[in-house]
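Engineer: Quick one: the structure is below, questions incoming.
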Amino acid sequence: MSLNEPVTNPTVVATLSSTLQHALSISSTNAEILVSVLIFSIIGIVGWISYIIINRYVNKYIEKTTTTLDKEIAKTIKTVIKILIGVLALQFSLSPLSFLEPYKHTLDSVFLILQIMLTAYAVTKVTNILIDELAQRSTQKSERNKRHSSFILKKIVAVAVFIIAFIIILNQLELTGAWETTIAGLGISGIVIAFALQSTLSDFFSAFAIYLDRPFEIGDFIFVGEHGGTVKNIGIFTTRLQLLQGEELVVSNKELTSTYVRNFRKLQKRRIVFNIGVTYDTPNEKLRKIPPMIVDIIKSVKGTSPQFVNFNEFGEYSLKFFVSYFVSASDYGKYLEVQQEINLAIREAFEREGIEMAYLKNVTFIKR
């Protein structure tokens, strides 16, 4: 008897099948089907009653706890138990069917694989819950770093658990030369898959590079090429940005690791540069007042510091002043507020001093 073989008593099953056949005057095949349905119903009912009883005691225990850890683990286990009841009921109910006898070994193998994979799924889910709980309890890491660390651990655990499950399946099925055949098959198929899924695999491994190196994190404002937006999600294959215009931009992870990315979260202060032009008929004494005037305006705005204010160019239509200052904030909205305040203050100061800003206009000279 194999490890996965149902432990139904063949004598009892055969007797019950024979009894139904004679009592109902039906064929042996129909009698076996009735016995199969009966076994499935009995196991399902007994399993469901057992589940209800266990669930009642578990809920009483969970009500006494203050954390969500027990609730999440219990929820996962309940789901696994429900699936397991259905699998076992189906497995045992198929044993009386004689027309499935030629496929008995195949069915046993299928149910064995289902049970092992279900166990691997349960272990992975419970481990993920524990990892999330440990990440929440960690006070030394930021929320973003917690998500990154838990992501990596979850993937490592999932890969390890399912590799172990695969090894157990090979061992339980007692496949002759399974190890050699598997290794050789993986070597050949791995090359084919690598070529076929080259782009997808690049995105997959690029995701790990992003999580390990952390050039940006969820919530950062970044520029990728000409597009700028807030990082909303870092997935296995793609990263999603919420652009300033409101739409969502989906970028492949491979592209993000192979191009320049400007991250404004790491920006401690922002340098702002702009030009102001005044008309050519502005007197020199007023031109000399403009640099200290703008410097005082910039100093008066909270969180700013002037760098340069110079009359630097004779433009085609105006006398140009170069202005450069720093804003002690990386937020783009804050920069817009500061620039607006400075612009309004400069315009008010120019109006008080009678300084005219330059603009393109047509001047007609009439020769007499």
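Simple scheme: letters A, B, ... for chains in structure tokens order, numbers from 1 for residues in each chain, numbers from 1 for ligands in the order shown.
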Using only C-alpha atoms, determine which residues lie at most 10 Å from Arg288 (chain A), disregarding the query and same-chain residues fewer than 5 positions distant; provide the list as a list in words.

Structural biologist: Pro283, Met293, Asn310 and Phe311 of chain A

Engineer: Would you export the selected residues with N, CA, C and O atoms as a compact mmCIF listing (two decimals), in the first residue's frame, please?

Structural biologist:
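Below you can see out35.txt, which holds the result:
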# COMPACT_ATOMS: atom_id res chain seq x y z
N PRO A 283 16.69 103.40 -16.07
CA PRO A 283 17.93 104.09 -15.68
C PRO A 283 18.89 103.17 -14.91
O PRO A 283 18.47 102.21 -14.28
N MET A 293 17.32 94.20 -4.17
CA MET A 293 15.87 94.14 -3.96
C MET A 293 15.37 92.70 -4.02
O MET A 293 14.62 92.25 -3.13
N ASN A 310 22.13 88.64 -10.64
CA ASN A 310 23.07 89.45 -11.42
C ASN A 310 22.45 89.92 -12.72
O ASN A 310 21.66 89.20 -13.34
N PHE A 311 22.85 91.14 -13.13
CA PHE A 311 22.52 91.65 -14.46
C PHE A 311 23.54 90.99 -15.41
O PHE A 311 24.71 91.35 -15.43

Engineer: Can you pull out every residue within 7 Å of region 214-220 of chain A, counting only C-alpha atoms, but drop anything in the same chain fewer than 6 positions away, and send it as a tab-separated table (two decimals) with C-alpha atoms, in the first residue's frame?

Structural biologist:
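Done, and the output landed in around.tsv:
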chain	number	residue	atom	x	y	z
A	144	ARG	CA	8.85	51.62	3.24
A	230	THR	CA	4.90	59.34	-7.39
A	231	VAL	CA	5.78	55.66	-7.01
A	232	LYS	CA	2.57	53.82	-6.08
A	233	ASN	CA	3.58	50.17	-6.42
A	263	ASN	CA	14.69	60.69	-7.19
A	265	ARG	CA	13.02	62.28	-2.10

Engineer: Would you list the contacts of Ile54 (chain A) as a ChimeraX atom specification, taking every protein, DNA or RNA residue within 12 Å and counting only C-alpha atoms, but skipping same-chain residues closer than 6 positions in sequence?

Structural biologist: /A:47-48,60-61,74,77-78,81-82

Engineer: Show me, as a tab-separated table, the residues of region 235-309 of chain A having an atom within 10 Å of region 324-348 of chain A, each with the closest atom pair and its distance in Å, using only C-alpha atoms.

Structural biologist:
residue	atom	partner	partner_atom	distance
A:Asn263	CA	A:Ser330	CA	9.9
A:Phe264	CA	A:Ser330	CA	6.1
A:Arg265	CA	A:Ser330	CA	6.4
A:Lys266	CA	A:Ser330	CA	7.9
A:Leu267	CA	A:Ser330	CA	5.5
A:Gln268	CA	A:Ser330	CA	6.2
A:Lys269	CA	A:Ser328	CA	4.4
A:Arg270	CA	A:Val327	CA	5.1
A:Arg271	CA	A:Phe326	CA	4.5
A:Ile272	CA	A:Tyr325	CA	5.4
A:Val273	CA	A:Ser324	CA	4.5
A:Phe274	CA	A:Ser324	CA	6.7
A:Asn275	CA	A:Ser324	CA	8.8
A:Ile276	CA	A:Ile346	CA	9.7
A:Ile290	CA	A:Ile346	CA	9.3
A:Met293	CA	A:Ile346	CA	8.1
A:Ile294	CA	A:Ile346	CA	6.7
A:Val295	CA	A:Tyr325	CA	9.0
A:Ile297	CA	A:Ile342	CA	6.6
A:Ile298	CA	A:Ile342	CA	6.5
A:Lys299	CA	A:Tyr325	CA	9.5
A:Ser300	CA	A:Ile342	CA	9.1
A:Val301	CA	A:Val338	CA	7.3
A:Lys302	CA	A:Val338	CA	8.4
A:Gly303	CA	A:Ser328	CA	5.2
A:Thr304	CA	A:Val327	CA	4.6
A:Ser305	CA	A:Phe326	CA	5.2
A:Pro306	CA	A:Tyr325	CA	4.2
A:Gln307	CA	A:Tyr325	CA	4.8
A:Phe308	CA	A:Ser324	CA	5.0
A:Val309	CA	A:Ser324	CA	6.4

Engineer: Given the selection you just returned, output its residues as a file containing C-alpha atoms, formatted as a compact mmCIF listing (two decimals), in the first residue's frame.

Structural biologist:
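Final file, out-v1.txt:
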# COMPACT_ATOMS: atom_id res chain seq x y z
CA ASN A 263 14.69 60.69 -7.19
CA PHE A 264 13.48 63.88 -5.53
CA ARG A 265 13.02 62.28 -2.10
CA LYS A 266 16.77 62.39 -1.64
CA LEU A 267 16.74 66.08 -2.58
CA GLN A 268 17.49 68.04 0.60
CA LYS A 269 17.01 71.40 -1.07
CA ARG A 270 15.89 72.45 -4.53
CA ARG A 271 17.81 74.98 -6.66
CA ILE A 272 15.56 77.36 -8.59
CA VAL A 273 16.78 79.38 -11.57
CA PHE A 274 14.87 81.96 -13.60
CA ASN A 275 15.38 85.20 -15.54
CA ILE A 276 13.74 88.61 -15.32
CA ILE A 290 17.24 95.30 -8.64
CA MET A 293 15.87 94.14 -3.96
CA ILE A 294 15.37 90.56 -5.20
CA VAL A 295 17.84 89.19 -2.61
CA ILE A 297 12.58 89.40 -1.24
CA ILE A 298 14.02 85.86 -1.38
CA LYS A 299 15.36 86.15 2.19
CA SER A 300 11.94 87.25 3.42
CA VAL A 301 10.30 84.01 2.23
CA LYS A 302 10.54 81.19 4.79
CA GLY A 303 12.69 78.22 3.78
CA THR A 304 14.60 80.00 1.00
CA SER A 305 18.15 81.28 0.60
CA PRO A 306 19.49 83.40 -2.32
CA GLN A 307 22.50 82.29 -4.38
CA PHE A 308 22.97 84.69 -7.30
CA VAL A 309 21.15 87.77 -8.58

Engineer: Just to confirm, what's the straight-line distance from CA of Thr124 (chain A) to CA of Ala158 (chain A) in Å (one decimal)?

Structural biologist: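 Interatomic distance here is 5.7 Å.
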
Engineer: I want to know what sits within 9 Å of region 24-40 of chain A, based on only C-alpha atoms, with residues of the same chain fewer than 6 positions away left out; could you give that as a short mmCIF file (atom, residue, chain, number, x, y, z; two decimals) with all heavy atoms, in the first residue's frame?

Structural biologist:
data_model
loop_
_atom_site.label_atom_id
_atom_site.label_comp_id
_atom_site.auth_asym_id
_atom_site.auth_seq_id
_atom_site.Cartn_x
_atom_site.Cartn_y
_atom_site.Cartn_z
N VAL A 13 -16.74 -2.24 1.15
CA VAL A 13 -17.18 -1.53 -0.05
C VAL A 13 -17.80 -2.50 -1.05
O VAL A 13 -18.85 -2.24 -1.63
CB VAL A 13 -15.99 -0.77 -0.69
CG1 VAL A 13 -16.40 -0.19 -2.04
CG2 VAL A 13 -15.50 0.34 0.22
N ALA A 14 -17.14 -3.66 -1.25
CA ALA A 14 -17.67 -4.65 -2.19
C ALA A 14 -19.00 -5.20 -1.73
O ALA A 14 -19.94 -5.39 -2.52
CB ALA A 14 -16.65 -5.77 -2.36
N LEU A 16 -21.22 -3.68 0.27
CA LEU A 16 -22.22 -2.62 0.13
C LEU A 16 -22.63 -2.46 -1.33
O LEU A 16 -23.81 -2.30 -1.65
CB LEU A 16 -21.66 -1.31 0.68
CG LEU A 16 -22.60 -0.10 0.63
CD1 LEU A 16 -23.87 -0.37 1.41
CD2 LEU A 16 -21.90 1.14 1.18
N SER A 17 -21.65 -2.51 -2.23
CA SER A 17 -21.95 -2.39 -3.65
C SER A 17 -22.82 -3.54 -4.14
O SER A 17 -23.79 -3.34 -4.89
CB SER A 17 -20.64 -2.33 -4.45
OG SER A 17 -20.90 -2.26 -5.83
N SER A 18 -22.49 -4.76 -3.69
CA SER A 18 -23.27 -5.94 -4.09
C SER A 18 -24.70 -5.87 -3.54
O SER A 18 -25.67 -6.21 -4.23
CB SER A 18 -22.57 -7.20 -3.61
OG SER A 18 -23.32 -8.35 -3.93
N GLY A 86 -12.53 18.49 0.95
CA GLY A 86 -13.00 18.18 -0.39
C GLY A 86 -12.09 17.22 -1.13
O GLY A 86 -12.55 16.29 -1.81
N LEU A 88 -9.94 14.96 0.21
CA LEU A 88 -10.01 13.62 0.81
C LEU A 88 -11.33 12.93 0.46
O LEU A 88 -11.35 11.72 0.18
CB LEU A 88 -9.85 13.73 2.33
CG LEU A 88 -8.46 14.16 2.83
CD1 LEU A 88 -8.47 14.29 4.35
CD2 LEU A 88 -7.40 13.16 2.39
N ALA A 89 -12.43 13.69 0.50
CA ALA A 89 -13.72 13.10 0.15
C ALA A 89 -13.72 12.59 -1.28
O ALA A 89 -14.21 11.49 -1.58
CB ALA A 89 -14.83 14.13 0.36
N LEU A 90 -13.15 13.38 -2.18
CA LEU A 90 -13.07 12.95 -3.58
C LEU A 90 -12.16 11.74 -3.75
O LEU A 90 -12.48 10.80 -4.49
CB LEU A 90 -12.58 14.12 -4.44
CG LEU A 90 -12.47 13.86 -5.95
CD1 LEU A 90 -13.83 13.51 -6.53
CD2 LEU A 90 -11.87 15.07 -6.66
N GLN A 91 -11.03 11.74 -3.05
CA GLN A 91 -10.09 10.64 -3.17
C GLN A 91 -10.70 9.31 -2.70
O GLN A 91 -10.63 8.30 -3.39
CB GLN A 91 -8.83 10.96 -2.36
CG GLN A 91 -7.77 9.86 -2.41
CD GLN A 91 -6.58 10.18 -1.54
OE1 GLN A 91 -6.57 11.19 -0.84
NE2 GLN A 91 -5.58 9.33 -1.57
N PHE A 92 -11.29 9.32 -1.53
CA PHE A 92 -11.86 8.08 -0.98
C PHE A 92 -13.09 7.62 -1.76
O PHE A 92 -13.36 6.43 -1.88
CB PHE A 92 -12.24 8.28 0.49
CG PHE A 92 -11.03 8.42 1.38
CD1 PHE A 92 -11.01 9.37 2.38
CD2 PHE A 92 -9.94 7.59 1.22
CE1 PHE A 92 -9.91 9.50 3.21
CE2 PHE A 92 -8.83 7.73 2.05
CZ PHE A 92 -8.81 8.68 3.04
N SER A 93 -13.85 8.58 -2.30
CA SER A 93 -15.07 8.21 -3.03
C SER A 93 -14.75 7.56 -4.37
O SER A 93 -15.61 6.87 -4.94
CB SER A 93 -15.94 9.44 -3.24
OG SER A 93 -15.30 10.39 -4.08
N LEU A 94 -13.57 7.76 -4.91
CA LEU A 94 -13.21 7.16 -6.19
C LEU A 94 -12.72 5.72 -6.06
O LEU A 94 -12.65 5.00 -7.07
CB LEU A 94 -12.12 8.00 -6.89
CG LEU A 94 -12.52 9.42 -7.32
CD1 LEU A 94 -11.34 10.10 -7.99
CD2 LEU A 94 -13.72 9.39 -8.27
N SER A 95 -12.37 5.31 -4.84
CA SER A 95 -11.80 3.96 -4.65
C SER A 95 -12.75 2.82 -5.01
O SER A 95 -12.29 1.77 -5.48
CB SER A 95 -11.31 3.81 -3.20
OG SER A 95 -12.38 3.99 -2.29
N PRO A 96 -14.11 2.93 -4.83
CA PRO A 96 -14.98 1.80 -5.19
C PRO A 96 -15.17 1.61 -6.69
O PRO A 96 -15.70 0.58 -7.12
CB PRO A 96 -16.31 2.15 -4.52
CG PRO A 96 -16.03 3.26 -3.58
CD PRO A 96 -14.88 3.98 -4.15
N LEU A 97 -14.79 2.57 -7.49
CA LEU A 97 -15.07 2.52 -8.92
C LEU A 97 -14.06 1.61 -9.62
O LEU A 97 -12.90 1.98 -9.81
CB LEU A 97 -15.03 3.93 -9.53
CG LEU A 97 -15.99 4.95 -8.88
CD1 LEU A 97 -15.81 6.32 -9.49
CD2 LEU A 97 -17.44 4.49 -9.01
N SER A 98 -14.54 0.43 -10.02
CA SER A 98 -13.64 -0.56 -10.63
C SER A 98 -13.15 -0.12 -12.00
O SER A 98 -12.05 -0.49 -12.42
CB SER A 98 -14.35 -1.91 -10.75
OG SER A 98 -15.53 -1.78 -11.54
N PHE A 99 -13.95 0.69 -12.73
CA PHE A 99 -13.52 1.11 -14.06
C PHE A 99 -12.36 2.11 -14.01
O PHE A 99 -11.75 2.44 -15.03
CB PHE A 99 -14.70 1.69 -14.85
CG PHE A 99 -15.36 2.87 -14.20
CD1 PHE A 99 -14.89 4.16 -14.37
CD2 PHE A 99 -16.50 2.68 -13.42
CE1 PHE A 99 -15.51 5.23 -13.79
CE2 PHE A 99 -17.12 3.76 -12.83
CZ PHE A 99 -16.64 5.05 -12.99
#

Engineer: Select, from A:Gly277, A:Asn253, A:Ile236, A:Ser206, the residue with the minimum atom-to-atom distance to Phe322 (chain A), counting only C-alpha atoms.

Structural biologist: A:Gly277
